[in-house]
Amino acid sequence: MVDELAHANLPGERHAKRWQDVDDLLASGIDVYTTLNVANIESLGQTVSRVTGVHQAEAVPDAFVRTGKIKLVDLALAALRRRLAQGLVVPEEQVDAALSNYFRFANLAALRELAQLWLDPSVPDPVAAFAAHGISELVQASVIVVGLEGSPADEWLIRYAAHLAGLSDARLHGVYVRAIDNLDRPPAALLEKDRKLLGELGGTLLEVRAGDVASGLIRAARQAGACQLVISSHRRTHWPRLLHPSTVADQVLRAAGDLPVQVVNVGRPDKTSHE
């Protein structure tokens with residue numbers, strides 16, 4: 001068994017590339033089981049780079065890969081992202097960046113299609129067929145932002161927003177707004193719970209500071225390029241009520257402008273309003 005067929009060897013080794021070592025083993029009559037990312041197939045490298053925005057340094061010649069028996073490990077995209085969120089693929093400190101960039105749903109779906117085309121014997125030019133489907137450049141995923149309260153209601157809101165994100169192949173961002181003067185006391189335990197749940201569902205948590213909750217949520221949503229902001233209908237600001245007598249939803253709806261906002265009655269998705 002030889003892991004990561006595309007990897008380079010250390011300087012001074014007999015061959016520069018690991019696939020060349022495997023070639024020697026095969027020539028000696030030794031069967032080899034190995035793994036390879038679709039991004040490392042030589043003829044697909046440039047297309048993968050255009051789709052993901054990441055240059056693939058190591059490539060394995062197509063002809064060499066096709067000499068073996070190939071099995072596509074077609075793991076469900078959501079399952080792969082769950083494994084990432086659980087820290088089973090990359091180190092924990094890299095999880096948020098991985099889920100938000102290379103391993104976005106849109107990228108994974110494009111790579112899956114490219115792999116299937118490359119394996120299809122009836123497709124003479126997988127790259128041309130892939131481009132014909134209209135997916136030849138960096139895929140820009142939409143974003144759904146959910147405003148969090150730091151309360152037990154967050155779990156329902158996060159799951160609801162994650163469902164919306166899954167339906168529209170969007171990235172999911174949770175946002176908690178803290179006071180700009182740093183005098184508030186954020187519920188650390190509840191926010192950590194939110195962060196963990198968002199990670200399990202392929203999302204990320206962002207804490208921002210603002211003069212009020214509504215403006216903080218709107219600014220964060222706009223900076224993320226959100227296609228929708230999801231907030232609770234009953235939520236009141238966690239700051240002094242005399243300063244903010246109305247609900248956060250009221251304030252957001254008044255100030256959101258052209259930003260799409262969905263106000264959700266927590267626990268009852270049939271009772272929502274869209275602005």
# chains A, B, ... in the order shown; residues from 1 in each chain; ligands from 1

$ residues_around --residues "A:Leu117" --least-positions-apart "5" --cutoff "10 Å" --atoms "only C-alpha atoms" --output "list in words"
Leu111, Arg112, Ser122, Val123, Pro124, Asp125, Pro126, Val127, Ala128, Ala129 and Phe130 of chain A

$ residues_around --residues "stretch 208-221 of chain A" --least-positions-apart "6" --cutoff "10 Å" --atoms "only C-alpha atoms" --output "PyMOL selection string"
chain A and resi 143-149+173-182+227-231+236-239+243-244+247-257+259-261

$ select_by_dssp --residues "stretch 144-181 of chain A" --states "alpha helix (DSSP H)" --output "ChimeraX atom specification"
/A:153-168

$ residues_around --residues "stretch 41-54 of chain A" --least-positions-apart "6" --cutoff "10 Å" --atoms "only C-alpha atoms" --output "MDAnalysis selection string"
chainID A and resid 6 60:65 101:104 106:108 110:111 114:115 118 125:128 130:131 135:140

$ residues_around --residues "A:Gly150" --least-positions-apart "4" --cutoff "10 Å" --atoms "only C-alpha atoms" --output "ChimeraX atom specification"
/A:154-155,175-177,186-194,238

$ closest_residue --among "A:Met1, A:Leu72, A:Val95, A:Leu197" --to "A:Ala161" --atoms "only C-alpha atoms"
A:Leu197

$ select_by_dssp --residues "stretch 51-264 of chain A" --states "strand (DSSP E or B)" --output "ChimeraX atom specification"
/A:60,143-147,171-179,204-210,226-232,236,247,261-264

$ write_last_selection --atoms "N, CA and C atoms" --output "mmCIF file, in the first residue's frame"
data_model
loop_
_atom_site.group_PDB
_atom_site.id
_atom_site.type_symbol
_atom_site.label_atom_id
_atom_site.label_comp_id
_atom_site.auth_asym_id
_atom_site.auth_seq_id
_atom_site.Cartn_x
_atom_site.Cartn_y
_atom_site.Cartn_z
ATOM 1 N N VAL A 60 0.327 13.606 -11.815
ATOM 2 C CA VAL A 60 0.642 12.240 -12.244
ATOM 3 C C VAL A 60 0.142 12.075 -13.671
ATOM 4 N N VAL A 143 -23.812 32.882 0.044
ATOM 5 C CA VAL A 143 -23.594 32.824 1.481
ATOM 6 C C VAL A 143 -24.900 33.118 2.209
ATOM 7 N N ILE A 144 -25.211 32.322 3.213
ATOM 8 C CA ILE A 144 -26.327 32.600 4.108
ATOM 9 C C ILE A 144 -25.749 32.923 5.476
ATOM 10 N N VAL A 145 -26.147 34.069 6.020
ATOM 11 C CA VAL A 145 -25.697 34.500 7.340
ATOM 12 C C VAL A 145 -26.855 34.356 8.320
ATOM 13 N N VAL A 146 -26.588 33.748 9.456
ATOM 14 C CA VAL A 146 -27.608 33.616 10.497
ATOM 15 C C VAL A 146 -27.167 34.402 11.722
ATOM 16 N N GLY A 147 -28.054 35.282 12.195
ATOM 17 C CA GLY A 147 -27.750 36.089 13.368
ATOM 18 C C GLY A 147 -28.004 35.298 14.639
ATOM 19 N N ARG A 171 -22.649 28.771 1.346
ATOM 20 C CA ARG A 171 -21.836 28.705 2.555
ATOM 21 C C ARG A 171 -22.646 29.246 3.713
ATOM 22 N N LEU A 172 -22.354 28.776 4.911
ATOM 23 C CA LEU A 172 -23.103 29.180 6.097
ATOM 24 C C LEU A 172 -22.187 29.897 7.081
ATOM 25 N N HIS A 173 -22.587 31.118 7.464
ATOM 26 C CA HIS A 173 -21.849 31.888 8.466
ATOM 27 C C HIS A 173 -22.796 32.237 9.612
ATOM 28 N N GLY A 174 -22.392 31.929 10.835
ATOM 29 C CA GLY A 174 -23.113 32.405 11.999
ATOM 30 C C GLY A 174 -22.432 33.661 12.513
ATOM 31 N N VAL A 175 -23.218 34.670 12.911
ATOM 32 C CA VAL A 175 -22.651 35.940 13.372
ATOM 33 C C VAL A 175 -23.233 36.298 14.738
ATOM 34 N N TYR A 176 -22.344 36.587 15.677
ATOM 35 C CA TYR A 176 -22.737 37.093 16.994
ATOM 36 C C TYR A 176 -22.131 38.473 17.152
ATOM 37 N N VAL A 177 -22.970 39.450 17.521
ATOM 38 C CA VAL A 177 -22.524 40.840 17.616
ATOM 39 C C VAL A 177 -22.241 41.194 19.076
ATOM 40 N N ARG A 178 -21.048 41.689 19.314
ATOM 41 C CA ARG A 178 -20.635 42.132 20.649
ATOM 42 C C ARG A 178 -20.601 43.659 20.706
ATOM 43 N N ALA A 179 -20.696 44.189 21.919
ATOM 44 C CA ALA A 179 -20.685 45.643 22.103
ATOM 45 C C ALA A 179 -19.330 46.219 21.714
ATOM 46 N N THR A 204 -19.252 28.384 9.774
ATOM 47 C CA THR A 204 -18.262 29.034 10.625
ATOM 48 C C THR A 204 -18.957 30.083 11.495
ATOM 49 N N LEU A 205 -18.329 30.414 12.618
ATOM 50 C CA LEU A 205 -18.860 31.427 13.524
ATOM 51 C C LEU A 205 -17.951 32.653 13.508
ATOM 52 N N LEU A 206 -18.565 33.812 13.401
ATOM 53 C CA LEU A 206 -17.828 35.071 13.407
ATOM 54 C C LEU A 206 -18.394 35.963 14.507
ATOM 55 N N GLU A 207 -17.525 36.479 15.364
ATOM 56 C CA GLU A 207 -17.932 37.451 16.375
ATOM 57 C C GLU A 207 -17.465 38.826 15.915
ATOM 58 N N VAL A 208 -18.394 39.775 15.862
ATOM 59 C CA VAL A 208 -18.073 41.123 15.399
ATOM 60 C C VAL A 208 -18.480 42.134 16.470
ATOM 61 N N ARG A 209 -17.939 43.330 16.393
ATOM 62 C CA ARG A 209 -18.293 44.403 17.321
ATOM 63 C C ARG A 209 -19.026 45.503 16.552
ATOM 64 N N ALA A 210 -20.037 46.061 17.196
ATOM 65 C CA ALA A 210 -20.805 47.122 16.545
ATOM 66 C C ALA A 210 -21.508 47.960 17.603
ATOM 67 N N ALA A 226 -23.655 38.099 1.503
ATOM 68 C CA ALA A 226 -24.761 37.192 1.801
ATOM 69 C C ALA A 226 -25.910 37.351 0.817
ATOM 70 N N CYS A 227 -26.481 36.223 0.422
ATOM 71 C CA CYS A 227 -27.686 36.238 -0.389
ATOM 72 C C CYS A 227 -28.921 36.295 0.509
ATOM 73 N N GLN A 228 -28.724 36.058 1.823
ATOM 74 C CA GLN A 228 -29.831 36.105 2.759
ATOM 75 C C GLN A 228 -29.306 36.200 4.190
ATOM 76 N N LEU A 229 -29.999 36.994 5.007
ATOM 77 C CA LEU A 229 -29.718 37.087 6.432
ATOM 78 C C LEU A 229 -30.908 36.490 7.167
ATOM 79 N N VAL A 230 -30.647 35.504 8.021
ATOM 80 C CA VAL A 230 -31.699 34.830 8.781
ATOM 81 C C VAL A 230 -31.606 35.272 10.237
ATOM 82 N N ILE A 231 -32.723 35.753 10.794
ATOM 83 C CA ILE A 231 -32.741 36.188 12.192
ATOM 84 C C ILE A 231 -34.026 35.728 12.861
ATOM 85 N N SER A 232 -34.008 35.722 14.185
ATOM 86 C CA SER A 232 -35.179 35.324 14.960
ATOM 87 C C SER A 232 -36.182 36.475 15.048
ATOM 88 N N ARG A 236 -34.780 40.094 21.274
ATOM 89 C CA ARG A 236 -34.492 41.467 21.687
ATOM 90 C C ARG A 236 -32.990 41.606 21.900
ATOM 91 N N THR A 247 -37.511 45.105 18.775
ATOM 92 C CA THR A 247 -36.754 43.878 18.556
ATOM 93 C C THR A 247 -35.656 44.117 17.543
ATOM 94 N N VAL A 261 -33.735 39.602 3.901
ATOM 95 C CA VAL A 261 -33.781 39.197 5.306
ATOM 96 C C VAL A 261 -34.945 38.242 5.503
ATOM 97 N N GLN A 262 -34.689 37.135 6.169
ATOM 98 C CA GLN A 262 -35.758 36.219 6.537
ATOM 99 C C GLN A 262 -35.886 36.222 8.058
ATOM 100 N N VAL A 263 -37.049 36.615 8.535
ATOM 101 C CA VAL A 263 -37.319 36.659 9.962
ATOM 102 C C VAL A 263 -38.090 35.390 10.324
ATOM 103 N N VAL A 264 -37.495 34.594 11.212
ATOM 104 C CA VAL A 264 -38.030 33.267 11.497
ATOM 105 C C VAL A 264 -38.584 33.196 12.912
#

$ residues_around --residues "stretch 9-11 of chain A" --least-positions-apart "5" --cutoff "12 Å" --atoms "only C-alpha atoms" --output "ChimeraX atom specification"
/A:4,16-22,58

$ atom_distance --atom1 "atom CA of A:Val89" --atom2 "atom CA of A:His163"
23.4 Å

$ closest_residue --among "A:Gly203, A:Glu93, A:Ala109, A:Asp31" --to "A:Leu75" --atoms "only C-alpha atoms"
A:Ala109

$ decode --residues "stretch 80-121 of chain A" --atoms "N, CA and C atoms" --output "PDB file, in the first residue's frame"
ATOM      1  N   LEU A  80     -18.367  14.349   3.401  1.00  0.00           N
ATOM      2  CA  LEU A  80     -16.971  14.788   3.369  1.00  0.00           C
ATOM      3  C   LEU A  80     -16.790  16.059   4.192  1.00  0.00           C
ATOM      4  N   ARG A  81     -17.714  17.000   4.043  1.00  0.00           N
ATOM      5  CA  ARG A  81     -17.601  18.244   4.804  1.00  0.00           C
ATOM      6  C   ARG A  81     -17.771  17.999   6.302  1.00  0.00           C
ATOM      7  N   ARG A  82     -18.589  17.010   6.669  1.00  0.00           N
ATOM      8  CA  ARG A  82     -18.706  16.660   8.087  1.00  0.00           C
ATOM      9  C   ARG A  82     -17.385  16.123   8.621  1.00  0.00           C
ATOM     10  N   ARG A  83     -16.721  15.275   7.830  1.00  0.00           N
ATOM     11  CA  ARG A  83     -15.424  14.744   8.251  1.00  0.00           C
ATOM     12  C   ARG A  83     -14.413  15.884   8.424  1.00  0.00           C
ATOM     13  N   LEU A  84     -14.463  16.851   7.525  1.00  0.00           N
ATOM     14  CA  LEU A  84     -13.590  18.017   7.649  1.00  0.00           C
ATOM     15  C   LEU A  84     -13.889  18.779   8.938  1.00  0.00           C
ATOM     16  N   ALA A  85     -15.173  19.030   9.176  1.00  0.00           N
ATOM     17  CA  ALA A  85     -15.573  19.791  10.358  1.00  0.00           C
ATOM     18  C   ALA A  85     -15.153  19.096  11.648  1.00  0.00           C
ATOM     19  N   GLN A  86     -15.084  17.762  11.616  1.00  0.00           N
ATOM     20  CA  GLN A  86     -14.700  16.979  12.789  1.00  0.00           C
ATOM     21  C   GLN A  86     -13.184  16.879  12.954  1.00  0.00           C
ATOM     22  N   GLY A  87     -12.429  17.508  12.037  1.00  0.00           N
ATOM     23  CA  GLY A  87     -10.971  17.493  12.133  1.00  0.00           C
ATOM     24  C   GLY A  87     -10.339  16.195  11.680  1.00  0.00           C
ATOM     25  N   LEU A  88     -11.040  15.428  10.841  1.00  0.00           N
ATOM     26  CA  LEU A  88     -10.532  14.129  10.396  1.00  0.00           C
ATOM     27  C   LEU A  88      -9.731  14.211   9.101  1.00  0.00           C
ATOM     28  N   VAL A  89      -9.712  15.387   8.481  1.00  0.00           N
ATOM     29  CA  VAL A  89      -9.030  15.533   7.183  1.00  0.00           C
ATOM     30  C   VAL A  89      -7.862  16.511   7.276  1.00  0.00           C
ATOM     31  N   VAL A  90      -8.090  17.653   7.912  1.00  0.00           N
ATOM     32  CA  VAL A  90      -7.040  18.658   8.082  1.00  0.00           C
ATOM     33  C   VAL A  90      -6.955  19.027   9.562  1.00  0.00           C
ATOM     34  N   PRO A  91      -5.843  19.627  10.002  1.00  0.00           N
ATOM     35  CA  PRO A  91      -5.731  20.041  11.405  1.00  0.00           C
ATOM     36  C   PRO A  91      -6.861  20.993  11.795  1.00  0.00           C
ATOM     37  N   GLU A  92      -7.235  20.969  13.070  1.00  0.00           N
ATOM     38  CA  GLU A  92      -8.389  21.734  13.556  1.00  0.00           C
ATOM     39  C   GLU A  92      -8.294  23.212  13.216  1.00  0.00           C
ATOM     40  N   GLU A  93      -7.090  23.778  13.306  1.00  0.00           N
ATOM     41  CA  GLU A  93      -6.940  25.216  13.047  1.00  0.00           C
ATOM     42  C   GLU A  93      -7.140  25.568  11.567  1.00  0.00           C
ATOM     43  N   GLN A  94      -7.151  24.561  10.685  1.00  0.00           N
ATOM     44  CA  GLN A  94      -7.345  24.804   9.253  1.00  0.00           C
ATOM     45  C   GLN A  94      -8.761  24.503   8.785  1.00  0.00           C
ATOM     46  N   VAL A  95      -9.612  24.020   9.686  1.00  0.00           N
ATOM     47  CA  VAL A  95     -10.947  23.544   9.296  1.00  0.00           C
ATOM     48  C   VAL A  95     -11.792  24.670   8.698  1.00  0.00           C
ATOM     49  N   ASP A  96     -11.898  25.807   9.392  1.00  0.00           N
ATOM     50  CA  ASP A  96     -12.752  26.892   8.903  1.00  0.00           C
ATOM     51  C   ASP A  96     -12.334  27.356   7.510  1.00  0.00           C
ATOM     52  N   ALA A  97     -11.030  27.530   7.320  1.00  0.00           N
ATOM     53  CA  ALA A  97     -10.541  27.990   6.013  1.00  0.00           C
ATOM     54  C   ALA A  97     -10.814  26.953   4.928  1.00  0.00           C
ATOM     55  N   ALA A  98     -10.640  25.669   5.258  1.00  0.00           N
ATOM     56  CA  ALA A  98     -10.872  24.608   4.271  1.00  0.00           C
ATOM     57  C   ALA A  98     -12.340  24.568   3.840  1.00  0.00           C
ATOM     58  N   LEU A  99     -13.243  24.648   4.818  1.00  0.00           N
ATOM     59  CA  LEU A  99     -14.676  24.583   4.509  1.00  0.00           C
ATOM     60  C   LEU A  99     -15.135  25.805   3.732  1.00  0.00           C
ATOM     61  N   SER A 100     -14.514  26.930   3.962  1.00  0.00           N
ATOM     62  CA  SER A 100     -14.936  28.179   3.319  1.00  0.00           C
ATOM     63  C   SER A 100     -14.301  28.390   1.956  1.00  0.00           C
ATOM     64  N   ASN A 101     -13.267  27.620   1.634  1.00  0.00           N
ATOM     65  CA  ASN A 101     -12.548  27.845   0.385  1.00  0.00           C
ATOM     66  C   ASN A 101     -12.534  26.592  -0.501  1.00  0.00           C
ATOM     67  N   TYR A 102     -11.475  25.802  -0.438  1.00  0.00           N
ATOM     68  CA  TYR A 102     -11.319  24.682  -1.375  1.00  0.00           C
ATOM     69  C   TYR A 102     -12.468  23.692  -1.271  1.00  0.00           C
ATOM     70  N   PHE A 103     -12.934  23.416  -0.048  1.00  0.00           N
ATOM     71  CA  PHE A 103     -13.926  22.362   0.145  1.00  0.00           C
ATOM     72  C   PHE A 103     -15.350  22.899   0.231  1.00  0.00           C
ATOM     73  N   ARG A 104     -15.626  23.979  -0.457  1.00  0.00           N
ATOM     74  CA  ARG A 104     -17.004  24.455  -0.568  1.00  0.00           C
ATOM     75  C   ARG A 104     -17.825  23.443  -1.353  1.00  0.00           C
ATOM     76  N   PHE A 105     -19.136  23.420  -1.111  1.00  0.00           N
ATOM     77  CA  PHE A 105     -20.016  22.492  -1.820  1.00  0.00           C
ATOM     78  C   PHE A 105     -19.859  22.644  -3.337  1.00  0.00           C
ATOM     79  N   ALA A 106     -19.841  23.885  -3.810  1.00  0.00           N
ATOM     80  CA  ALA A 106     -19.777  24.111  -5.252  1.00  0.00           C
ATOM     81  C   ALA A 106     -18.489  23.550  -5.846  1.00  0.00           C
ATOM     82  N   ASN A 107     -17.366  23.750  -5.172  1.00  0.00           N
ATOM     83  CA  ASN A 107     -16.094  23.202  -5.654  1.00  0.00           C
ATOM     84  C   ASN A 107     -16.124  21.685  -5.679  1.00  0.00           C
ATOM     85  N   LEU A 108     -16.596  21.078  -4.600  1.00  0.00           N
ATOM     86  CA  LEU A 108     -16.623  19.616  -4.516  1.00  0.00           C
ATOM     87  C   LEU A 108     -17.523  19.021  -5.592  1.00  0.00           C
ATOM     88  N   ALA A 109     -18.660  19.670  -5.828  1.00  0.00           N
ATOM     89  CA  ALA A 109     -19.560  19.178  -6.873  1.00  0.00           C
ATOM     90  C   ALA A 109     -18.894  19.239  -8.243  1.00  0.00           C
ATOM     91  N   ALA A 110     -18.143  20.321  -8.497  1.00  0.00           N
ATOM     92  CA  ALA A 110     -17.450  20.461  -9.778  1.00  0.00           C
ATOM     93  C   ALA A 110     -16.352  19.406  -9.926  1.00  0.00           C
ATOM     94  N   LEU A 111     -15.576  19.164  -8.869  1.00  0.00           N
ATOM     95  CA  LEU A 111     -14.516  18.154  -8.919  1.00  0.00           C
ATOM     96  C   LEU A 111     -15.099  16.755  -9.107  1.00  0.00           C
ATOM     97  N   ARG A 112     -16.226  16.498  -8.470  1.00  0.00           N
ATOM     98  CA  ARG A 112     -16.894  15.196  -8.625  1.00  0.00           C
ATOM     99  C   ARG A 112     -17.304  14.969 -10.080  1.00  0.00           C
ATOM    100  N   GLU A 113     -17.884  16.005 -10.687  1.00  0.00           N
ATOM    101  CA  GLU A 113     -18.294  15.880 -12.080  1.00  0.00           C
ATOM    102  C   GLU A 113     -17.083  15.672 -12.991  1.00  0.00           C
ATOM    103  N   LEU A 114     -16.007  16.394 -12.724  1.00  0.00           N
ATOM    104  CA  LEU A 114     -14.803  16.270 -13.534  1.00  0.00           C
ATOM    105  C   LEU A 114     -14.236  14.857 -13.436  1.00  0.00           C
ATOM    106  N   ALA A 115     -14.218  14.285 -12.243  1.00  0.00           N
ATOM    107  CA  ALA A 115     -13.713  12.920 -12.060  1.00  0.00           C
ATOM    108  C   ALA A 115     -14.572  11.914 -12.812  1.00  0.00           C
ATOM    109  N   GLN A 116     -15.876  12.090 -12.753  1.00  0.00           N
ATOM    110  CA  GLN A 116     -16.775  11.165 -13.446  1.00  0.00           C
ATOM    111  C   GLN A 116     -16.587  11.231 -14.952  1.00  0.00           C
ATOM    112  N   LEU A 117     -16.403  12.445 -15.471  1.00  0.00           N
ATOM    113  CA  LEU A 117     -16.163  12.596 -16.908  1.00  0.00           C
ATOM    114  C   LEU A 117     -14.845  11.940 -17.312  1.00  0.00           C
ATOM    115  N   TRP A 118     -13.805  12.098 -16.496  1.00  0.00           N
ATOM    116  CA  TRP A 118     -12.494  11.527 -16.811  1.00  0.00           C
ATOM    117  C   TRP A 118     -12.561  10.000 -16.829  1.00  0.00           C
ATOM    118  N   LEU A 119     -13.401   9.429 -15.991  1.00  0.00           N
ATOM    119  CA  LEU A 119     -13.518   7.965 -15.921  1.00  0.00           C
ATOM    120  C   LEU A 119     -14.465   7.383 -16.958  1.00  0.00           C
ATOM    121  N   ASP A 120     -15.272   8.214 -17.570  1.00  0.00           N
ATOM    122  CA  ASP A 120     -16.265   7.735 -18.543  1.00  0.00           C
ATOM    123  C   ASP A 120     -15.588   7.423 -19.875  1.00  0.00           C
ATOM    124  N   PRO A 121     -15.552   6.155 -20.303  1.00  0.00           N
ATOM    125  CA  PRO A 121     -14.867   5.797 -21.556  1.00  0.00           C
ATOM    126  C   PRO A 121     -15.521   6.383 -22.801  1.00  0.00           C
TER     127      PRO A 121
END
